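Colleague: Okay, here's the structure, questions in a sec.
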Amino acid sequence: MEKRVVFNESICKSCGLCVQVCPTNVIFLADYLNGKGYRPAAVTDQDNCISCAKCAQICPDTVISVYRPVKVLQTV
Amino acid sequence: MEKRVVFNESICKSCGLCVQVCPTNVIFLADYLNGKGYRPAAVTDQDNCISCAKCAQICPDTVISVYRPVKVLQTV
Amino acid sequence: MGKVLMKGNEVIAEAAVQAGCKYFFGYPITPQSELVAYMARRLPEVGGLFLQAESEIAAINMVYGAAGTGVRVMTSSSSPGFSLKQEGISYLVGAELPAVVVNVVRGGPGLGNIQPAQSDYFQVTKGGGHGDYNIPVLAPASLQEIVELTSEAFDIADRYRTPVILMGDGMLGQMMEPVEFGDLTQAELPEKNWATTGTRGDGAPKIITSLELNAEALEQRNHKLQQKFARIKENEVRYETYKIDDADYIMAAFGTVARITINAINKARQKGVKVGLIRPISLWPFPEKPFIETRDRVQGYISIEMSAGQMVEDVRLIVNGHAPVDFFGRTGGVVPTQEEIYCKIMTVAGGITV
Amino acid sequence: MGKVLMKGNEVIAEAAVQAGCKYFFGYPITPQSELVAYMARRLPEVGGLFLQAESEIAAINMVYGAAGTGVRVMTSSSSPGFSLKQEGISYLVGAELPAVVVNVVRGGPGLGNIQPAQSDYFQVTKGGGHGDYNIPVLAPASLQEIVELTSEAFDIADRYRTPVILMGDGMLGQMMEPVEFGDLTQAELPEKNWATTGTRGDGAPKIITSLELNAEALEQRNHKLQQKFARIKENEVRYETYKIDDADYIMAAFGTVARITINAINKARQKGVKVGLIRPISLWPFPEKPFIETRDRVQGYISIEMSAGQMVEDVRLIVNGHAPVDFFGRTGGVVPTQEEIYCKIMTVAGGITV
Amino acid sequence: MLEEILIAGFGGQGVMSMGQLIAYAGMLEGKGVSWLPSYGPEQRGGTANCAVVVSDDPVGSPLVTNPSTAIVLNNPSFEKFEHRVRPGGLLIINSSLVTKVSERSDIEIIEITATDIAADLGNARVANMILLGAFIERTKVVTSDSIIESLKKVLSKEKYHLIEVNKQAINKGASLVDLSGIRQS
Amino acid sequence: MLEEILIAGFGGQGVMSMGQLIAYAGMLEGKGVSWLPSYGPEQRGGTANCAVVVSDDPVGSPLVTNPSTAIVLNNPSFEKFEHRVRPGGLLIINSSLVTKVSERSDIEIIEITATDIAADLGNARVANMILLGAFIERTKVVTSDSIIESLKKVLSKEKYHLIEVNKQAINKGASLVDLSGIRQS
Amino acid sequence: MQDYDSSWGDHGMTMKTVFKRTNGLTDTPTHYCPGCTHGVIHRLVGEVLEEMDILEDTIGVASVGCSVLSYEYFNCDMTQAAHGRAPAVATGVKRVLPDRFVFTYQGDGDLASIGISEVIHAAARGEKITVIFVNNAIYGMTGGQMAPTTLIGQKTATTPFGRDESIQGLPIKVCEMLATLDGTAYIERVSAHDVPHIQKAKRAIRKAFEAQKNRLGFSLVEILSTCPTNWGLDPFESLEWVKDNMIPAYPLGVYKNIEGGK
Amino acid sequence: MQDYDSSWGDHGMTMKTVFKRTNGLTDTPTHYCPGCTHGVIHRLVGEVLEEMDILEDTIGVASVGCSVLSYEYFNCDMTQAAHGRAPAVATGVKRVLPDRFVFTYQGDGDLASIGISEVIHAAARGEKITVIFVNNAIYGMTGGQMAPTTLIGQKTATTPFGRDESIQGLPIKVCEMLATLDGTAYIERVSAHDVPHIQKAKRAIRKAFEAQKNRLGFSLVEILSTCPTNWGLDPFESLEWVKDNMIPAYPLGVYKNIEGGK
Ligand SMILES: Cc1ncc(C[n+]2csc(CCOP(=O)(O)OP(=O)(O)O)c2C)c(N)n1
Ligand SMILES: Cc1ncc(C[n+]2csc(CCOP(=O)(O)OP(=O)(O)O)c2C)c(N)n1
Ligand code: SF4
Ligand code: SF4
Ligand code: SF4
Ligand code: SF4
Ligand code: SF4
Ligand code: SF4
Ligand SMILES: [Mg+2]
Ligand SMILES: [Mg+2]
């Protein structure tokens, strides 16, 4: 299923604040460098993300977008 | 007897403040001009001056000196 | 509207209003305070705004803000206050914002006094502020000329997106003469599509800035500025000559001093000494043509100023050794009399020692 | 004390301390902030005082206050901040107070950028402030020369009771070179009996002011100042020449640009083109002698600057038409390379188009 | 015609307005005019002066160093300007306040006890108008009608009632000219 | 001898101190030296570089446009400076981070996976010292002893413990020079 | 309230956006150091402008400091002011365009040191502008010199031995001082050191712009911010430092709120 | 206590001096307009310096305003500062000569308008100087323009229709604002409109210099003063105007007095 939290890797500065605030500790810094020479933050374990958006709130570089799965009322 | 209140006429600017504050109304503005073109303040009726120094306190131009007669203890 | 008798400072203000200047930000300083006071009375009448700034620095930066919205705006000061505007003026040039800045010069340096002087010539023509720039400087000699030059100052400012300096002296600001305010012919001017007024209706956000961290890019900007200055040199030179055709010696003088000099010239001519006058009206761009045309013909030039010798440098630069360039000046607020100028002329040109 | 590797900004600061400057009032600005930081660390060690002012304006006025007590005092800034000091500098001149003011020039106009430039030449040499005045301006080309010129700056300031400007550029301030601080030979200087330190023990109250309401009296003061400037012109001209004796063309360049130019000159000489260099060390008073001595001999001059062409005016003034004066410059923080200077030389002097 | 006038006295004696009236009147008569005040702190208390030029041609220099006419209202002004009047020129003195006497024989001198006469007219402040009246009567630089006209232009509505007494003062001054007051030389 | 060196990489990779060490060592050896940093905001995050000149005579221009040696620690620096190395010059590359490959055949190129090797040495931050070691080994501009000397001068007492690992790194770098890493042309 | 999804889907699940980048900012990546809360504050201002739907009616004034390039980040007309003069520039803009929104974005060196005069007089005049005042207790851009807001004992490039009251005096509390001026309408000090405070900060910024909208007078929000680079701390330590050291020295709260009548 | 006359006289009466000109002032007559209370304030400062016997240890800083020539009137070393910068100049003097007394004499235009930054930072730094702040609600020297202290409705050359809050904003209360700064030691507002207040003003000036003497910090005395010339009132009406209009707008009193501990 689709991602709950999406990182715009190329502009991440690897400050680690999102890692610090994530209540479920699903964020980590990748072991490679982005174009700016930073190790971008990433989440692989999307299922354990609770879409609380704390990471996005603290991120100084608007790297992060957060989504939450919702039921759809059946239409038709 | 000597003067109780002495005006340094030449630097008076005729502002009239001393005239206003004098409790005994003995100060008036002379009918001639000093070197600066001002009618200097003056007191002729020295006896009715009570040496309160109000005039000197309000004078913006330190025109006025005030004296008070005092008894002298007889010496020798 | 017929002739009226007004003070020079008031004429500058009224002329600005008639040129469509509705915004004035200024700080009082003698000998230009009447200008500020006049604006305070007058601008509300035309639905404009007068605001007394807390300082010259605040004033020039308010001008920066207002100019950025595309309106015609003016500030004015005198020597010490003008010095405080140098950073702001350099910013106006860098951000290419049009505005008219008045300097009614007084005696210096330092606090000096409030009497007439022209000793800010270098400051206004050579760039008193930092960086490479030039600013058009107009120097009226009469109150009637103030009327014309003030509106031209605003046109030049808008045409080239540059601050323009109107330079007078305490005498010009304080004296009264009859003036007439004809109705102006509105000049053809480029649209101010660069103004920051909010993006509603006009697309992408606009930016007004003088910052360019990249050296190559900043140099490009400076090239653009230098080309603009070249265009101004091409088109905006203003000067007047008086009896130079047959002159053996030519005086150079601007502003009120030029008028006094003319009296002296006529006196000298009565004594048969052939002298004339070149009166720069635009101090920058400096009028080179009349000097180039005469420098190989005349026996010499005398620059006459209310300074220790500033414009004389520009005269020497353009005469470039083709003829001797002499100087006569009074400083500290002393206005040269026609008598002493006459004496100077006679000593130099008449070969007479008076 | 042997050789040490330091940043130019730090060398200025240490040299000032060694020259007996115990007081520094300044405000941070790139590219001279290291100077301020160094003073903050260093001055307490020598029982002096470093105070970060709230602004450049406050700084220059604190300097005015401290200088009035007779001590050696310094402030420093870069272009935009230097513009803000113009009123204060004019006051220092008017009140005849000695102080050393540093300008580590960056790209302009406006906020510009923080890269090296020389485009404040006019501002420092022609009087960026109001009124008739000149200020001695020293422009070192190497960090070792900074050591000498800084202490000379203080001596000149004290000898003539005048502010002195030390002018560098971002490159000079940021680069490192080995420097050696020899022990200074204390110059013979007049006693500062004009200082306001309280009257206890020294009679009647003293007054430090630049105000003189009476025009004739202010003119007298200005005469006195002008005579002082004449003495300085007489005694304080500094310059260096490089291979001009047999030169067909002479470059004029100051500060770091002069060093780059020397490389280019040597390259050109390898190609058999005889070029030399006049390096003004004092920008005011401007060195006239080497130009006068060569102007009837050489085929031309090229002024090379990190500006759109400022010093070139002083070169033209003194060459006065005796020889063509060409110009090459880069602006906006771009530093001219020896390659492009070489090309310029070859096109003008070598008759070659590279 | 080129008349260069200097008017000087204490601040508050109305020397500035005298000058403005002459300039204004000259303008109404289509002449070239200029008015140049002394300005600055010295005005306060101290002495003020203004230079007025009235000419058939446009005015060159508004600066007046050697006036064709000087009008002095106090001693300091007398001292400052008496010797500056050009030979053959005119010196008008408010002898109510000026105690000094001119030694010059190369100029014409009119002495008027303007302050006293003004007091008689019931308004000491119009002393300047009396002197003005004498000046225009003697020199005919401008007509008294133009002066009155200018007065209307310069005065604010609230002050119109003053026009009458000013008119009287001007006429009074004019009437004095060919009388005793004058020391012809 | 006139060696003009350009060192460039991300801020924090220690390019500035590399340059300072070379300059310092040169000074200790009585050579003429200069060190000129790029400065300004671009340092933050972005790439920084410095120009070092070491010469037998006093240094003329501290500015280096076409280096005799360029040491590049990241891709942006490679792109910016690779083509600027003068023919016959030397280009030293930290191939752990520089993915680009030089096409030039007119210069000598030394590629070292400095970051990885540094990691093996147990301190990733000494990658710059490895490159420095290679540089001095190859060019002999200054001796490694002078570099160590300078290190002592530059480091604050608290940091003396770091001297050892730096020394190792320098030697390691030196040892790599005449090995595989090199693409001779 | 239950989540209704607007889109017609035949699957049982779909993704609802919880947080996405505001249109109040351009796409240009910022030049700020890693972890610098300037970025957070930018986002908050951008979000408020977007939510109030006034982006098109706003002119922002960038100051001189690390945020000088903010004119490339805010998605509205911007002008760049000389160091400390932003409130004067904003005054010039607002007096010509009284119906537009005008804000300045200034650091503590810019506003509290060289620019204290301009902000005080703008406040005293009751200029209807909003000042975003970013207090990080240091000069960031020039490499970490003392600001008037630097704490006692704090080491900076120009207070290498720590700020000493007897030499450099005591920190200036801008909100407290400005609140004494009658022209001020809304003044609050907030902090950006954690998520709850960040959300509070956004509400304060909103209130300030509302005050401008209602022409109540001058509004200012002081946001305690970090400078990891010049504090010599990592981004997270920096947030801690704000909480542990700055907030005690600079009490958070509303210092002025005239809402309607004074 | 009984009056003893020092002189040997054989008459029964002699004259004792009740009031004579202070030696704290030079003999130079001032240039002030008739009735201007600048003159009174000069006298008070001169008397305090004389009575504290510190004339020889004092450096005064004259500002730009009608009092610019005060350097000719005060009988101590004097230096003249650029408009608004007196506190910066005083800082320069005091930092070099910490054991001397340094005071500035500034008008409201000089201190509250162009010079507000210098006085605030001097106060925040706790500079041990004394500021004599003469508030006459107008720019005297330049011919009566609005000052930041001009009252609402007051007509001046630059507020010909009276100061309008909606355009020029509200007056700045300097004492109230400076009192919020921790560096200040003594701040009082007094008035020179009648004899009792003049005596009170003198005591305030004394206290300010005492604070400097005891190195407590920054001290300032604001004295409400007249400008008959530009107010268009005669000297006595002017005193009345201070009492009736200025004092209500600028409450008299001590705004800060840390005496010893803070
Ligand atoms: C007139 C002038 N003086 C000094 C500077 C140098 N300067 C640039 S930013 C700055 C201070 C920035 O500090 P702050 O306002 O706190 O912003 P921050 O970088 O901390 O966000 C200074 C002093 C300048 N550009 N112009
Ligand atoms: C830089 C500068 N700006 C303006 C002036 C003009 N100026 C002289 S005094 C003054 C204001 C004086 O008012 P205030 O400080 O209240 O003193 P007061 O005359 O009322 O006692 C001004 C604006 C100046 N001399 N220098
Ligand atoms: S949304 Fe919450 S849970 Fe998911 S990654 Fe971000 S902080 Fe962690
Ligand atoms: S907070 Fe943002 S910038 Fe920092 S690491 Fe996480 S995603 Fe990257
Ligand atoms: S001392 Fe008192 S009574 Fe005597 S004149 Fe002065 S005010 Fe009047
Ligand atoms: S108060 Fe002083 S100046 Fe005024 S009238 Fe009296 S004596 Fe003269
Ligand atoms: S220097 Fe400090 S304030 Fe500036 S961007 Fe970096 S962390 Fe932020
Ligand atoms: S103008 Fe006003 S303040 Fe100045 S001296 Fe005259 S009365 Fe006093
Ligand atoms: Mg900051
Ligand atoms: Mg005042």
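Labels for the structure tokens follow display order: chains A, B, ..., residues from 1 in each chain, ligands from 1.
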As a PDB file with C-alpha atoms, in the first residue's frame, please: every residue in segment 192-346 of chain C that DSSP puts in alpha helix (DSSP H).

Modeller:
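Result file result-v2.pdb:
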```
ATOM      1  CA  ALA C 215      30.798  37.583  -7.852  1.00  0.00           C
ATOM      2  CA  GLU C 216      30.385  36.932 -11.569  1.00  0.00           C
ATOM      3  CA  ALA C 217      26.668  37.629 -11.318  1.00  0.00           C
ATOM      4  CA  LEU C 218      27.242  40.812  -9.347  1.00  0.00           C
ATOM      5  CA  GLU C 219      29.733  41.914 -11.961  1.00  0.00           C
ATOM      6  CA  GLN C 220      27.067  41.357 -14.600  1.00  0.00           C
ATOM      7  CA  ARG C 221      24.774  43.617 -12.620  1.00  0.00           C
ATOM      8  CA  ASN C 222      27.486  46.198 -12.382  1.00  0.00           C
ATOM      9  CA  HIS C 223      27.975  46.032 -16.148  1.00  0.00           C
ATOM     10  CA  LYS C 224      24.275  46.694 -16.533  1.00  0.00           C
ATOM     11  CA  LEU C 225      24.553  49.637 -14.173  1.00  0.00           C
ATOM     12  CA  GLN C 226      27.604  50.994 -15.972  1.00  0.00           C
ATOM     13  CA  GLN C 227      25.755  50.781 -19.295  1.00  0.00           C
ATOM     14  CA  LYS C 228      22.905  52.709 -17.722  1.00  0.00           C
ATOM     15  CA  PHE C 229      25.342  55.363 -16.513  1.00  0.00           C
ATOM     16  CA  ALA C 230      26.732  55.554 -20.050  1.00  0.00           C
ATOM     17  CA  ARG C 231      23.220  56.139 -21.417  1.00  0.00           C
ATOM     18  CA  ILE C 232      22.664  58.880 -18.861  1.00  0.00           C
ATOM     19  CA  LYS C 233      25.977  60.520 -19.833  1.00  0.00           C
ATOM     20  CA  GLU C 234      24.758  60.319 -23.409  1.00  0.00           C
ATOM     21  CA  ASN C 235      21.364  61.902 -22.836  1.00  0.00           C
ATOM     22  CA  THR C 256      23.936  80.562  -6.992  1.00  0.00           C
ATOM     23  CA  VAL C 257      27.659  81.159  -7.412  1.00  0.00           C
ATOM     24  CA  ALA C 258      27.141  81.232 -11.183  1.00  0.00           C
ATOM     25  CA  ARG C 259      24.761  84.195 -10.775  1.00  0.00           C
ATOM     26  CA  ILE C 260      27.248  86.163  -8.719  1.00  0.00           C
ATOM     27  CA  THR C 261      29.923  85.278 -11.242  1.00  0.00           C
ATOM     28  CA  ILE C 262      27.836  86.654 -14.100  1.00  0.00           C
ATOM     29  CA  ASN C 263      27.698  90.030 -12.347  1.00  0.00           C
ATOM     30  CA  ALA C 264      31.479  89.911 -12.017  1.00  0.00           C
ATOM     31  CA  ILE C 265      31.883  88.903 -15.659  1.00  0.00           C
ATOM     32  CA  ASN C 266      29.847  91.882 -16.822  1.00  0.00           C
ATOM     33  CA  LYS C 267      31.914  94.161 -14.620  1.00  0.00           C
ATOM     34  CA  ALA C 268      35.102  92.738 -16.134  1.00  0.00           C
ATOM     35  CA  ARG C 269      33.778  93.090 -19.669  1.00  0.00           C
ATOM     36  CA  GLN C 270      33.077  96.753 -18.959  1.00  0.00           C
ATOM     37  CA  LYS C 289      31.368  69.361 -24.596  1.00  0.00           C
ATOM     38  CA  PRO C 290      31.659  73.095 -23.864  1.00  0.00           C
ATOM     39  CA  PHE C 291      35.096  72.571 -22.359  1.00  0.00           C
ATOM     40  CA  ILE C 292      36.334  70.378 -25.192  1.00  0.00           C
ATOM     41  CA  GLU C 293      35.096  72.927 -27.718  1.00  0.00           C
ATOM     42  CA  THR C 294      36.875  75.789 -25.981  1.00  0.00           C
ATOM     43  CA  MET C 311      34.441  70.810  -9.195  1.00  0.00           C
ATOM     44  CA  VAL C 312      37.786  72.155 -10.371  1.00  0.00           C
ATOM     45  CA  GLU C 313      38.968  68.537 -10.513  1.00  0.00           C
ATOM     46  CA  ASP C 314      36.300  67.674 -13.066  1.00  0.00           C
ATOM     47  CA  VAL C 315      37.233  70.770 -15.051  1.00  0.00           C
ATOM     48  CA  ARG C 316      40.904  69.719 -15.041  1.00  0.00           C
ATOM     49  CA  LEU C 317      39.948  66.161 -16.035  1.00  0.00           C
ATOM     50  CA  ILE C 318      38.153  67.356 -19.136  1.00  0.00           C
ATOM     51  CA  VAL C 319      40.464  70.247 -20.041  1.00  0.00           C
ATOM     52  CA  GLN C 338      30.998  89.758  -7.146  1.00  0.00           C
ATOM     53  CA  GLU C 339      33.739  92.175  -6.110  1.00  0.00           C
ATOM     54  CA  GLU C 340      36.193  89.471  -5.111  1.00  0.00           C
ATOM     55  CA  ILE C 341      35.332  87.313  -8.098  1.00  0.00           C
ATOM     56  CA  TYR C 342      35.920  90.379 -10.249  1.00  0.00           C
ATOM     57  CA  CYS C 343      39.303  90.854  -8.607  1.00  0.00           C
ATOM     58  CA  LYS C 344      40.187  87.222  -9.252  1.00  0.00           C
ATOM     59  CA  ILE C 345      39.185  87.589 -12.886  1.00  0.00           C
ATOM     60  CA  MET C 346      41.226  90.751 -13.292  1.00  0.00           C
TER      61      MET C 346
END
```

Colleague: Around ligand 8, at most 9 Å away and counting only C-alpha atoms and all ligand atoms, which residues are there? Put them as a ChimeraX atom specification, please.

Modeller: /E:41,44 /H:31-39,65-67,107,136,138-144,225-231,235

Colleague: Pick out the chain C residues within 6 Å of chain H. Count only C-alpha atoms. Give them as a list in words.

Modeller: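 On the chain C side, the interface is Ala37, Ala40, Glu54 and Ser55 of chain C.
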
Colleague: Write the selection just made, keeping C-alpha atoms, as a PDB file, in the first residue's frame?

Modeller:
```
ATOM      1  CA  ALA C  37       7.335  72.036   6.688  1.00  0.00           C
ATOM      2  CA  ALA C  40       3.675  68.685   5.828  1.00  0.00           C
ATOM      3  CA  GLU C  54      12.933  59.548  13.130  1.00  0.00           C
ATOM      4  CA  SER C  55      16.223  60.128  11.313  1.00  0.00           C
TER       5      SER C  55
END
```

Colleague: Could you list, as a PyMOL selection string, all protein and nucleic acid residues with an atom at most 6 Å from ligand 4, counting only C-alpha atoms and all ligand atoms?

Modeller: (chain A and resi 12-18+40-41+59-61+63) or (chain G and resi 35)

Colleague: Dump C-alpha atoms for the selected residues as an mmCIF file, in the first residue's frame?

Modeller:
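This is the output file out-v9.cif:
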```
data_model
loop_
_atom_site.group_PDB
_atom_site.id
_atom_site.type_symbol
_atom_site.label_atom_id
_atom_site.label_comp_id
_atom_site.auth_asym_id
_atom_site.auth_seq_id
_atom_site.Cartn_x
_atom_site.Cartn_y
_atom_site.Cartn_z
ATOM 1 C CA CYS A 12 17.305 16.848 3.213
ATOM 2 C CA LYS A 13 20.218 18.197 5.241
ATOM 3 C CA SER A 14 20.573 15.237 7.525
ATOM 4 C CA CYS A 15 19.985 17.362 10.621
ATOM 5 C CA GLY A 16 18.383 14.384 12.348
ATOM 6 C CA LEU A 17 15.621 16.331 14.061
ATOM 7 C CA CYS A 18 12.931 14.174 12.520
ATOM 8 C CA PRO A 40 19.148 11.872 3.789
ATOM 9 C CA ALA A 41 16.556 10.785 6.327
ATOM 10 C CA CYS A 59 11.735 19.557 9.777
ATOM 11 C CA PRO A 60 13.397 22.900 8.960
ATOM 12 C CA ASP A 61 13.552 22.075 5.291
ATOM 13 C CA VAL A 63 11.388 17.634 3.277
ATOM 14 C CA GLY G 35 18.755 21.894 11.762
#
```

Colleague: Write out as a PyMOL selection string each polymer residue whose atoms come within 12 Å of Ser77 of chain E, counting only C-alpha atoms; drop sequence neighbours fewer than 4 positions from it.

Modeller: (chain B and resi 36-37) or (chain E and resi 6-11+15+46-50+70-73+81-84+91-94+97-100)

Colleague: Could you please select, counting only C-alpha atoms, the residues of chain C within 12 Å of chain E and state them as a ChimeraX atom specification?

Modeller: /C:2-8,29-33,106,113-116,141-144,170-180,255-266,333-340

Colleague: Write as a list in words the residues around ligand 3, taking 8 Å as the cut-off and counting only C-alpha atoms and all ligand atoms.

Modeller: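 Written in the requested form, the residues are Arg4, Val5, Cys18, Val19, Val21, Cys22, Pro23, Thr24, Asn25, Val26, Ile27, Val43, Gln46, Asn48, Cys49, Ile50, Ser51, Cys52, Ala53, Lys54, Cys55, Ala56 and Val66 of chain A.
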
Colleague: Suppose you want the space between atom CA of Gln310 of chain D and atom 4 (C, counted along the ligand's line) of ligand 1; what is it in Å?

Modeller: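 About the pair atom CA of Gln310 of chain D and atom 4 (C, counted along the ligand's line) of ligand 1: they are 24.3 Å apart.
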
Colleague: May I have all residues of segment 89-120 of chain D that DSSP, computed from the backbone, assigns to strand (DSSP E), given as a list in words?

Modeller: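 Taking segment 89-120 of chain D and keeping strand (DSSP E) only, one gets Ala99, Val100, Val101, Val102, Asn103, Val104 and Val105 of chain D.
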
Colleague: Find the residues in chain D near chain C: any atom within 7 Å counts, using only C-alpha atoms. Write them as a VMD selection string.

Modeller: chain D and resid 79 to 80 83 to 84 86 to 87 90 to 91 93 to 94 107 to 113 115 119 to 120 122 to 123 126 to 133 210 to 213 215 to 216 218 to 219 222 307 to 308 316 to 317 320 to 321 331 to 334

Colleague: Using only C-alpha atoms, I'd like every residue of chain G that has an atom within 6 Å of chain H; please write them out as a list in words.

Modeller: Ile116, Ser117, Ala124, Arg125, Gly126, Gln168, Gly169, Leu170, Met177 and Thr180 of chain G

Colleague: From the set H:Gln212, H:Ser219, H:Ser63, H:Thr91, which residue has the shortest atom-to-atom contact distance to ligand 10, counting only C-alpha atoms and all ligand atoms?

Modeller: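 Of the candidates, the smallest distance to ligand 10 is held by H:Ser63.
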
Colleague: Name the closest residue to chain F among the candidates G:Thr30, G:Ala62, G:Asp77, G:Arg163; distances are taken between atoms, counting only C-alpha atoms.

Modeller: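 Closest candidate: G:Thr30.
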
Colleague: Please compute the atom CA of Arg295 of chain C-atom CA of Phe327 of chain D distance, one decimal, in Å.

Modeller: 24.0 Å

Colleague: What is the atom CA of Ala67 of chain D to atom CA of Glu191 of chain D distance in Å?

Modeller: 13.6 Å

Colleague: Just want the 10 Å neighbourhood of Ser175 of chain F, counted on only C-alpha atoms, with same-chain residues fewer than 6 positions away dropped. Output as a list in words.

Modeller: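 Near Ser175 of chain F, the qualifying residues are Ile130, Gly133, Ala134, Glu137 and Ala169 of chain F.
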
Colleague: Let me see the file: selected residues, C-alpha atoms, as an mmCIF file, in the first residue's frame.

Modeller:
```
data_model
loop_
_atom_site.group_PDB
_atom_site.id
_atom_site.type_symbol
_atom_site.label_atom_id
_atom_site.label_comp_id
_atom_site.auth_asym_id
_atom_site.auth_seq_id
_atom_site.Cartn_x
_atom_site.Cartn_y
_atom_site.Cartn_z
ATOM 1 C CA ILE F 130 45.539 10.706 3.432
ATOM 2 C CA GLY F 133 50.150 12.561 2.407
ATOM 3 C CA ALA F 134 49.825 11.457 -1.196
ATOM 4 C CA GLU F 137 54.894 12.296 -1.376
ATOM 5 C CA ALA F 169 46.984 8.916 7.615
#
```
